[in-house]
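*Asks:* My structure is stored as query27.pdb, with PDB, C-alpha atoms.
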```pdb
MODEL        1
ATOM      1  CA  MET A   1     128.966 147.485  19.604
ATOM      2  CA  THR A   2     126.742 150.104  21.212
ATOM      3  CA  LEU A   3     128.122 153.613  20.660
ATOM      4  CA  PHE A   4     126.808 156.896  22.027
ATOM      5  CA  LEU A   5     127.572 160.576  21.592
ATOM      6  CA  ALA A   6     128.984 162.439  24.604
ATOM      7  CA  SER A   7     129.570 166.174  24.938
ATOM      8  CA  GLY A   8     133.176 167.264  24.783
ATOM      9  CA  ILE A   9     134.895 170.248  26.331
ATOM     10  CA  GLU A  10     133.806 172.578  23.528
ATOM     11  CA  ASP A  11     130.249 173.003  22.240
ATOM     12  CA  ASP A  12     131.085 171.664  18.783
ATOM     13  CA  HIS A  13     133.346 168.742  19.766
ATOM     14  CA  PHE A  14     132.083 165.361  20.910
ATOM     15  CA  TRP A  15     133.456 162.083  22.224
ATOM     16  CA  VAL A  16     132.151 158.702  21.221
ATOM     17  CA  VAL A  17     131.539 156.409  24.180
ATOM     18  CA  GLN A  18     130.745 152.705  24.264
ATOM     19  CA  GLU A  19     128.470 150.808  26.611
ATOM     20  CA  LEU A  20     130.451 148.077  28.348
ATOM     21  CA  ASP A  21     128.896 146.034  31.158
ATOM     22  CA  GLY A  22     126.346 148.762  31.856
ATOM     23  CA  ALA A  23     128.925 151.566  32.024
ATOM     24  CA  LEU A  24     129.844 154.170  29.419
ATOM     25  CA  VAL A  25     133.519 153.970  28.473
ATOM     26  CA  GLU A  26     135.377 156.535  26.385
ATOM     27  CA  THR A  27     136.584 155.379  22.962
ATOM     28  CA  PRO A  28     139.395 157.040  21.001
ATOM     29  CA  TRP A  29     136.872 158.315  18.440
ATOM     30  CA  ARG A  30     136.033 162.022  18.326
ATOM     31  CA  ILE A  31     133.600 164.096  16.308
ATOM     32  CA  GLU A  32     134.747 167.616  15.551
ATOM     33  CA  ARG A  33     133.081 170.499  13.756
ATOM     34  CA  GLU A  34     134.941 171.443  10.574
ATOM     35  CA  ALA A  35     134.098 174.057   7.944
ATOM     36  CA  ASP A  36     132.163 171.495   5.881
ATOM     37  CA  GLY A  37     130.363 169.734   8.746
ATOM     38  CA  TYR A  38     131.130 167.217  11.480
ATOM     39  CA  ARG A  39     134.048 164.835  10.883
ATOM     40  CA  LEU A  40     135.258 161.696  12.633
ATOM     41  CA  SER A  41     138.781 161.502  14.021
ATOM     42  CA  HIS A  42     140.672 158.936  16.077
ATOM     43  CA  ALA A  43     142.786 160.107  19.016
ATOM     44  CA  ASP A  44     145.326 157.268  18.800
ATOM     45  CA  ASP A  45     145.705 156.231  15.165
ATOM     46  CA  SER A  46     146.105 158.456  12.104
ATOM     47  CA  ARG A  47     145.127 155.568   9.796
ATOM     48  CA  GLU A  48     141.812 155.264  11.621
ATOM     49  CA  THR A  49     141.367 159.032  11.337
ATOM     50  CA  ALA A  50     141.879 158.698   7.574
ATOM     51  CA  ARG A  51     139.191 155.979   7.474
ATOM     52  CA  GLY A  52     136.792 158.214   9.392
ATOM     53  CA  TYR A  53     137.638 161.254   7.285
ATOM     54  CA  ALA A  54     136.977 159.249   4.113
ATOM     55  CA  LEU A  55     133.359 158.850   5.221
ATOM     56  CA  GLY A  56     132.921 162.562   4.550
ATOM     57  CA  ALA A  57     131.371 165.402   6.496
ATOM     58  CA  PHE A  58     128.092 164.973   8.348
ATOM     59  CA  VAL A  59     125.311 167.470   8.992
ATOM     60  CA  THR A  60     124.900 166.348  12.614
ATOM     61  CA  PRO A  61     127.148 164.634  15.161
ATOM     62  CA  GLU A  62     124.492 161.935  15.507
ATOM     63  CA  SER A  63     124.789 161.036  11.829
ATOM     64  CA  ALA A  64     128.571 160.736  12.271
ATOM     65  CA  VAL A  65     128.027 158.221  15.095
ATOM     66  CA  GLU A  66     125.621 156.258  12.886
ATOM     67  CA  ALA A  67     128.268 156.082  10.141
ATOM     68  CA  LEU A  68     130.889 155.001  12.675
ATOM     69  CA  ARG A  69     128.616 152.204  13.903
ATOM     70  CA  ALA A  70     128.221 150.996  10.327
ATOM     71  CA  MET A  71     131.971 151.203   9.672
ATOM     72  CA  LEU A  72     132.932 149.251  12.775
TER      73      LEU A  72
ENDMDL
END
```
Write the structure described by the file as structure tokens, please.

*Replies:*
Amino acid sequence: MTLFLASGIEDDHFWVVQELDGALVETPWRIEREADGYRLSHADDSRETARGYALGAFVTPESAVEALRAML
């Protein structure tokens, strides 16, 4: 699965998009700035958000995407 970081509406919020047949498609994964760093959340499933949150806080949004790639 090829995942990429995409800018969200706010400067410190990001979407995770996936390459599918040469197009970038939005996934339900989000990366949001929290007090302790960037955290993963899932727009559709609180259990998936808990899995992402358990990975901890990340210094950069890019490192959060790397962890998500490894998790999935």

*Asks:* Do you know which residues are at most 7 Å from Tyr53 in chain A counting all atoms listed in the file, after dropping those on the same chain fewer than 3 positions away, and could you put them as an MDAnalysis selection string?

*Replies:* chainID A and resid 39:41 49:50 56

*Asks:* Mind giving me the straight-line distance from CA of Asp45 in chain A to CA of Gly22 in chain A in Å, one decimal?

*Replies:* 26.6 Å

*Asks:* Quick one: distance from CA of Glu62 in chain A to CA of Arg30 in chain A in Å, one decimal?

*Replies:*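 CA of Arg30 in chain A lies at a distance of 11.9 Å from CA of Glu62 in chain A.
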
*Asks:* On this structure, which residues satisfy the PyMOL selection byres ((chain A and resi 5) around 9), written as a list in words?

*Replies:* Leu3, Phe4, Ala6, Ser7, Phe14, Trp15, Val16, Val17, Gln18, Ile31, Pro61, Glu62 and Val65 of chain A

*Asks:* For a quick check of understanding, using all atoms listed in the file, which of A:Val25, A:Val59, A:Ala35, A:Met1 has the smallest distance to Leu72 in chain A?

*Replies:*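 Closest candidate: A:Met1.
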